[in-house]
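Coordinates as given in query_3.cif (mmCIF, C-alpha atoms):
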data_protein
#
loop_
_atom_site.label_atom_id
_atom_site.label_comp_id
_atom_site.auth_asym_id
_atom_site.auth_seq_id
_atom_site.Cartn_x
_atom_site.Cartn_y
_atom_site.Cartn_z
CA MET A 1 0.00 0.00 0.00
CA LYS A 2 1.51 3.29 -1.14
CA VAL A 3 1.69 6.02 1.52
CA TRP A 4 2.56 9.72 1.29
CA LYS A 5 3.14 12.17 4.14
CA THR A 6 3.17 15.94 4.15
CA ASP A 7 5.67 17.96 6.16
CA SER A 8 3.03 18.59 8.83
CA GLY A 9 2.29 14.90 9.26
CA TYR A 10 -0.80 14.40 7.13
CA THR A 11 -0.90 10.80 5.87
CA ILE A 12 -2.37 9.75 2.54
CA SER A 13 -2.74 6.00 1.96
CA CYS A 14 -3.82 4.41 -1.31
CA LEU A 15 -6.22 1.69 -0.13
CA LEU A 16 -7.25 0.52 -3.59
CA SER A 17 -5.40 0.83 -6.88
CA GLY A 18 -5.77 -0.59 -10.35
CA ARG A 19 -9.30 -0.05 -11.66
CA SER A 20 -9.74 3.06 -9.56
CA ASN A 21 -7.67 4.47 -6.70
CA VAL A 22 -9.19 5.10 -3.29
CA PHE A 23 -7.29 7.28 -0.82
CA LEU A 24 -7.53 7.62 2.96
CA LEU A 25 -6.43 10.91 4.56
CA GLU A 26 -5.53 10.80 8.25
CA PHE A 27 -4.54 13.47 10.74
CA ASN A 28 -5.16 13.83 14.49
CA GLY A 29 -7.76 11.07 14.49
CA ILE A 30 -9.74 12.48 11.56
CA ASN A 31 -10.39 10.06 8.68
CA ILE A 32 -11.36 11.33 5.23
CA LEU A 33 -11.89 8.92 2.35
CA ILE A 34 -11.51 10.07 -1.25
CA ASP A 35 -13.79 8.12 -3.61
CA THR A 36 -15.09 4.58 -3.11
CA GLY A 37 -14.05 2.32 -5.97
CA THR A 38 -16.48 -0.05 -7.69
CA GLY A 39 -18.99 -2.29 -6.00
CA ARG A 40 -16.97 -5.34 -6.96
CA ARG A 41 -14.12 -4.09 -4.78
CA TRP A 42 -16.19 -3.38 -1.71
CA GLU A 43 -14.94 -6.40 0.25
CA LYS A 44 -11.31 -5.46 -0.33
CA LEU A 45 -11.92 -1.85 0.64
CA TYR A 46 -13.83 -2.88 3.77
CA SER A 47 -11.09 -5.35 4.74
CA ARG A 48 -8.30 -2.79 4.36
CA LEU A 49 -10.15 -0.19 6.39
CA LYS A 50 -10.64 -2.73 9.18
CA LYS A 51 -6.99 -3.81 9.09
CA LEU A 52 -6.00 -0.18 9.54
CA GLY A 53 -8.26 0.00 12.57
CA VAL A 54 -10.66 2.46 10.96
CA LYS A 55 -13.95 2.31 12.82
CA LYS A 56 -15.33 5.63 11.64
CA ILE A 57 -14.92 7.67 8.48
CA ASP A 58 -15.62 11.29 9.25
CA TYR A 59 -16.08 12.37 5.65
CA LEU A 60 -16.27 10.78 2.22
CA ILE A 61 -15.27 13.22 -0.52
CA LEU A 62 -16.29 12.25 -4.04
CA THR A 63 -14.16 13.71 -6.80
CA HIS A 64 -17.20 13.07 -9.04
CA THR A 65 -20.12 10.66 -9.25
CA HIS A 66 -19.17 8.15 -11.97
CA TYR A 67 -19.83 4.62 -10.74
CA ASP A 68 -16.16 3.67 -10.31
CA HIS A 69 -15.76 6.57 -7.87
CA ALA A 70 -19.08 6.57 -6.06
CA GLU A 71 -20.61 3.09 -6.20
CA ASN A 72 -19.92 2.25 -2.54
CA SER A 73 -21.06 5.61 -1.13
CA ALA A 74 -24.24 4.34 0.54
CA LYS A 75 -22.40 1.38 2.09
CA LEU A 76 -19.68 3.61 3.53
CA LYS A 77 -22.32 5.88 4.97
CA ARG A 78 -24.06 2.94 6.65
CA GLU A 79 -21.00 1.02 7.82
CA PHE A 80 -18.70 3.87 8.87
CA GLY A 81 -21.02 6.84 9.39
CA ALA A 82 -19.37 8.87 6.64
CA LYS A 83 -20.77 12.27 5.77
CA VAL A 84 -20.72 12.49 2.00
CA ILE A 85 -19.32 15.56 0.26
CA VAL A 86 -19.96 16.08 -3.45
CA ASN A 87 -20.03 19.01 -5.84
CA LYS A 88 -23.48 20.56 -6.11
CA LYS A 89 -23.50 20.00 -9.88
CA GLU A 90 -23.52 16.24 -9.26
CA GLY A 91 -25.51 15.93 -6.06
CA SER A 92 -28.60 14.86 -8.01
CA PHE A 93 -26.59 12.15 -9.80
CA LEU A 94 -25.56 10.67 -6.45
CA GLU A 95 -29.14 10.77 -5.24
CA LYS A 96 -30.23 8.86 -8.36
CA GLY A 97 -27.25 6.48 -8.35
CA HIS A 98 -26.43 7.25 -11.93
CA SER A 99 -24.15 9.65 -13.77
CA SER A 100 -23.70 10.40 -17.46
CA ILE A 101 -20.81 8.86 -19.40
CA PRO A 102 -18.25 11.42 -20.66
CA ASP A 103 -17.12 11.66 -24.27
CA GLY A 104 -13.91 10.13 -25.51
CA THR A 105 -10.92 12.44 -25.97
CA ASN A 106 -9.28 10.40 -28.73
CA PHE A 107 -10.42 8.26 -31.66
CA PHE A 108 -10.44 4.96 -29.77
CA SER A 109 -12.13 6.20 -26.61
CA SER A 110 -14.70 8.11 -28.69
CA LEU A 111 -15.49 4.95 -30.62
CA LEU A 112 -15.79 3.02 -27.36
CA VAL A 113 -18.30 5.50 -25.95
CA LYS A 114 -20.39 5.44 -29.11
CA THR A 115 -20.50 1.65 -29.41
CA ILE A 116 -20.50 0.31 -25.86
CA ALA A 117 -21.75 3.06 -23.56
CA PRO A 118 -25.48 2.72 -24.45
CA ALA A 119 -25.42 -0.97 -23.57
CA LEU A 120 -23.69 -0.25 -20.25
CA ALA A 121 -26.07 2.47 -19.12
CA ILE A 122 -28.13 0.16 -16.89
CA GLU A 123 -25.10 -1.71 -15.50
CA LEU A 124 -23.44 1.53 -14.44
CA LYS A 125 -26.24 2.42 -12.04
CA TYR A 126 -25.52 2.06 -8.33
CA GLU A 127 -27.26 2.36 -4.96
CA PRO A 128 -28.44 5.96 -4.50
CA CYS A 129 -26.94 7.97 -1.67
CA ALA A 130 -28.02 11.28 -0.16
CA PRO A 131 -25.19 13.85 -0.02
CA ASP A 132 -24.56 15.67 3.25
CA ILE A 133 -22.47 18.59 2.02
CA LEU A 134 -22.66 20.19 -1.42
CA VAL A 135 -19.63 22.11 -2.68
CA ASP A 136 -19.76 24.99 -5.11
CA GLN A 137 -16.37 26.33 -6.23
CA TYR A 138 -14.48 25.92 -2.95
CA LEU A 139 -14.79 24.39 0.49
CA ASP A 140 -12.30 25.11 3.26
CA LEU A 141 -11.68 21.87 5.16
CA LYS A 142 -10.31 23.74 8.16
CA LYS A 143 -13.94 24.01 9.21
CA LEU A 144 -13.84 20.22 9.48
CA GLY A 145 -10.56 20.20 11.42
CA PHE A 146 -8.35 19.44 8.42
CA ASN A 147 -5.74 21.64 6.77
CA GLY A 148 -6.84 21.57 3.16
CA TYR A 149 -9.62 22.54 0.81
CA ILE A 150 -11.79 21.24 -2.01
CA LEU A 151 -11.47 22.98 -5.36
CA HIS A 152 -13.85 22.75 -8.31
CA THR A 153 -11.82 21.36 -11.24
CA PRO A 154 -14.37 20.63 -13.99
CA GLY A 155 -13.77 19.16 -17.40
CA HIS A 156 -13.83 15.41 -16.97
CA SER A 157 -17.30 16.02 -15.61
CA GLY A 158 -19.15 19.19 -14.74
CA GLY A 159 -18.86 18.64 -11.00
CA SER A 160 -15.35 17.23 -10.82
CA GLN A 161 -13.40 18.48 -7.82
CA SER A 162 -9.96 18.04 -6.30
CA VAL A 163 -8.75 17.88 -2.70
CA ILE A 164 -5.72 19.97 -1.75
CA VAL A 165 -3.93 18.51 1.28
CA ASP A 166 -1.70 20.69 3.46
CA ASN A 167 -0.85 22.84 0.40
CA GLU A 168 1.47 20.08 -0.83
CA ILE A 169 -0.44 17.21 -2.44
CA ALA A 170 -3.54 17.30 -4.62
CA LEU A 171 -5.94 14.39 -5.09
CA VAL A 172 -7.35 15.17 -8.50
CA GLY A 173 -9.81 12.43 -9.41
CA ASP A 174 -10.03 12.12 -13.20
CA ALA A 175 -8.95 15.69 -13.92
CA MET A 176 -5.76 13.96 -15.06
CA PHE A 177 -4.51 10.37 -15.41
CA GLY A 178 -1.27 8.69 -14.36
CA VAL A 179 -1.52 5.75 -16.74
CA PHE A 180 0.23 6.79 -19.94
CA PRO A 181 4.01 7.53 -19.83
CA GLY A 182 4.76 11.22 -20.28
CA SER A 183 1.10 12.22 -20.38
CA VAL A 184 -1.62 13.19 -17.90
CA PHE A 185 -4.39 13.47 -20.51
CA PRO A 186 -7.46 11.33 -19.65
CA PRO A 187 -9.13 9.25 -22.37
CA PHE A 188 -12.57 10.58 -21.37
CA ALA A 189 -13.86 14.08 -20.65
CA GLU A 190 -17.05 16.07 -21.06
CA ASP A 191 -15.12 19.23 -21.92
CA LYS A 192 -11.43 18.97 -22.85
CA GLU A 193 -10.81 22.72 -22.85
CA GLU A 194 -12.35 23.15 -19.41
CA MET A 195 -10.30 20.23 -18.11
CA ILE A 196 -7.07 21.85 -19.33
CA ARG A 197 -8.06 25.10 -17.63
CA SER A 198 -8.46 23.07 -14.44
CA TRP A 199 -4.86 21.89 -14.81
CA GLY A 200 -3.85 25.55 -14.72
CA THR A 201 -5.91 26.01 -11.58
CA LEU A 202 -4.21 23.02 -9.97
CA ILE A 203 -0.76 24.26 -10.93
CA ASN A 204 -1.53 27.50 -9.09
CA THR A 205 -2.18 25.64 -5.82
CA ASN A 206 1.60 25.24 -5.34
CA CYS A 207 1.21 21.48 -4.86
CA TYR A 208 4.22 19.47 -5.96
CA LEU A 209 2.43 16.14 -6.42
CA PHE A 210 -0.88 15.20 -8.02
CA LEU A 211 -2.53 11.88 -7.20
CA PRO A 212 -5.05 10.80 -9.86
CA SER A 213 -7.78 8.21 -9.48
CA HIS A 214 -6.25 6.10 -12.24
CA GLY A 215 -2.56 5.28 -12.35
CA THR A 216 0.38 6.68 -10.43
CA ALA A 217 1.35 10.10 -9.10
CA ASN A 218 2.13 12.99 -11.44
CA THR A 219 4.82 15.54 -10.66
CA LEU A 220 4.38 19.29 -10.97
CA VAL A 221 7.02 19.29 -13.72
CA LEU A 222 5.00 16.86 -15.84
CA VAL A 223 1.68 18.63 -15.24
CA LYS A 224 3.18 21.98 -16.25
CA LYS A 225 4.71 20.43 -19.36
CA GLU A 226 1.38 18.91 -20.39
CA TYR A 227 -0.50 22.11 -19.64
CA LEU A 228 1.82 24.28 -21.71
CA LYS A 229 1.78 21.78 -24.57
CA ARG A 230 -1.99 21.44 -24.73
CA LYS A 231 -3.46 24.78 -23.69
CA ASP A 232 -2.88 26.42 -27.09
CA LYS A 233 -3.61 23.24 -29.04
CA HIS A 234 -7.13 23.14 -27.66
CA ASN A 235 -8.30 26.49 -29.04
CA GLY A 236 -6.11 28.53 -26.70
CA THR A 237 -8.89 28.66 -24.13
CA ALA A 238 -6.86 27.54 -21.12
CA ARG A 239 -5.77 30.76 -19.45
CA ASN A 240 -5.08 29.95 -15.81
CA GLY A 241 -1.57 29.11 -14.69
CA ASP A 242 0.14 30.94 -17.55
CA ASN A 243 2.69 32.34 -15.19
#
Whole structure, structure tokens version:
Amino acid sequence: MKVWKTDSGYTISCLLSGRSNVFLLEFNGINILIDTGTGRRWEKLYSRLKKLGVKKIDYLILTHTHYDHAENSAKLKREFGAKVIVNKKEGSFLEKGHSSIPDGTNFFSSLLVKTIAPALAIELKYEPCAPDILVDQYLDLKKLGFNGYILHTPGHSGGSQSVIVDNEIALVGDAMFGVFPGSVFPPFAEDKEEMIRSWGTLINTNCYLFLPSHGTANTLVLVKKEYLKRKDKHNGTARNGDN
């Protein structure tokens, strides 16, 4: 299990990896879970939480409401008493247990969405869950006893958001990937230009490491390189982070 620590002692553990990463943030007895993984991985997630001695999850933050990030939300709320935090643009999706499938960002992923997505629509539904806290553009986690904040970083989906921990490490959901060597560009996104603008926003947080929900960590150097390469290519609409 991969673990990161900030200079102030905040611990980030990757409880699940592979299909979709799930992270646990810990500090001074506060437990915050980032995303839930798929329903098929519930037993593994539950087992790892128990092995770590986690009896209560104070908050569950969803980077967005696609099934591979939110499918176990209701179970975590029941089993660990988690208060669920989601962006207000996707609160209704969580309540319905279903979220739209984003477009492909390349030829192959676009073809996949067009040919397979309609058939998967029913299978991608999950147990509905009522959100407890809805985020707009920003939520200061200091109010919850945690040095960090939630930042709206749309593009992959309209309500995608990232968690900034101790001003050092960002958990970015699907705003970027860590799967393809030398690239952070996801294969799926509702709005590519908006997603690239979100990279600029994340660069301006001063974080040095970006933990995506798929793949391994991305460095600030790589994210800046990708941002500068792609911001003009995609209609020159990405303006944040130009400095």
Pick out the residues sitting within 6 Å of stretch 23-28 of chain A, and hand them over as a ChimeraX atom specification; count all atoms listed in the file, and ignore anything fewer than 5 positions along from it in its own chain. /A:10-15,33-34
Starting from the displayed file, determine the output of the PyMOL selection byres ((chain A and resi 166) around 7) and express the residue list as number ranges by chain. A: 6, 147-148, 164-165, 167-169
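Taken over the shown file, the PyMOL selection byres ((chain A and resi 60-67) around 6) identifies A:Ile32, A:Leu33, A:Ile34, A:Asp35, A:Tyr59, A:Asp68, A:His69, A:Ala70, A:Glu71, A:Ala82, A:Lys83, A:Val84, A:Ile85, A:Val86, A:Ser99, A:Ser160, A:Gln161, A:Gly173.
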Would you save the residues of that selection, restricted to C-alpha atoms, as a short mmCIF file (atom, residue, chain, number, x, y, z; two decimals), in the frame of the given file?
data_model
loop_
_atom_site.label_atom_id
_atom_site.label_comp_id
_atom_site.auth_asym_id
_atom_site.auth_seq_id
_atom_site.Cartn_x
_atom_site.Cartn_y
_atom_site.Cartn_z
CA ILE A 32 -11.36 11.33 5.23
CA LEU A 33 -11.89 8.92 2.35
CA ILE A 34 -11.51 10.07 -1.25
CA ASP A 35 -13.79 8.12 -3.61
CA TYR A 59 -16.08 12.37 5.65
CA ASP A 68 -16.16 3.67 -10.31
CA HIS A 69 -15.76 6.57 -7.87
CA ALA A 70 -19.08 6.57 -6.06
CA GLU A 71 -20.61 3.09 -6.20
CA ALA A 82 -19.37 8.87 6.64
CA LYS A 83 -20.77 12.27 5.77
CA VAL A 84 -20.72 12.49 2.00
CA ILE A 85 -19.32 15.56 0.26
CA VAL A 86 -19.96 16.08 -3.45
CA SER A 99 -24.15 9.65 -13.77
CA SER A 160 -15.35 17.23 -10.82
CA GLN A 161 -13.40 18.48 -7.82
CA GLY A 173 -9.81 12.43 -9.41
#
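Going from atom CA of A:Lys51 to atom CA of A:Tyr126 covers 26.1 Å.
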Among listed residues A:Thr36, A:Lys125, A:Gly9, A:Glu43, nearest A:Ser73 (using all atoms listed in the file): A:Thr36
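Using all atoms listed in the file, the set of residues no farther than 10 Å from the position (-4.2, 11.0, -9.1) comprises A:Ser20, A:Asn21, A:Val22, A:Phe23, A:Ser162, A:Ile169, A:Ala170, A:Leu171, A:Val172, A:Gly173, A:Asp174, A:Ala175, A:Met176, A:Phe177, A:Gly178, A:Val179, A:Val184, A:Leu209, A:Phe210, A:Leu211, A:Pro212, A:Ser213, A:His214, A:Gly215, A:Thr216, A:Ala217, A:Asn218.
Considering only C-alpha atoms, the residue among A:Lys2, A:Lys224, A:Arg19, A:Arg230 positioned nearest to A:Ile196 is A:Arg230.
Between atom CA of A:Lys233 and atom CA of A:His152 the separation is 23.1 Å.
Minimum atom-to-atom distance to A:Lys75, evaluated using all atoms listed in the file, belongs to A:Gly39 out of A:Gly97, A:Gly39, A:Phe107, A:Arg48.
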re atom CA of A:Asn87 and atom CA of A:Ile133: distance 8.2 Å
So which residues touch A:Ser157 within 7 Å, counting all atoms listed in the file, skipping near sequence neighbours fewer than 5 positions away, as number ranges by chain? A: 102, 189-190
Give me, as a PyMOL selection string, all polymer residues having an atom no more than 6 Å from A:Tyr149, counting only C-alpha atoms and skipping those fewer than 6 positions away in the same chain. chain A and resi 139-141+163-164
What would the file look like if the residues just selected were written as a PDB file, in the coordinates of the input with C-alpha atoms?
ATOM      1  CA  LEU A 139     -14.790  24.390   0.490  1.00  0.00           C
ATOM      2  CA  ASP A 140     -12.300  25.110   3.260  1.00  0.00           C
ATOM      3  CA  LEU A 141     -11.680  21.870   5.160  1.00  0.00           C
ATOM      4  CA  VAL A 163      -8.750  17.880  -2.700  1.00  0.00           C
ATOM      5  CA  ILE A 164      -5.720  19.970  -1.750  1.00  0.00           C
TER       6      ILE A 164
END
Mind checking which residues fall within 12 Å of A:Gly53, counting only C-alpha atoms, ignoring those fewer than 3 positions away in the same chain, and posting them as JSON, numbers by chain? {"A": [26, 29, 31, 46, 47, 48, 49, 50, 56, 57, 80]}
Taking the file as shown, what set of residues would the PyMOL selection byres ((chain A and resi 201) around 12) give back, as a ChimeraX atom specification? /A:137,151-155,161-162,164,170,172,175,194-200,202-207,223-224,227,238-243
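Ranking A:Lys96, A:Asp191, A:Leu76, A:Lys5 by their shortest atom-to-atom distance to A:Leu124, with all atoms listed in the file included, puts A:Lys96 first.
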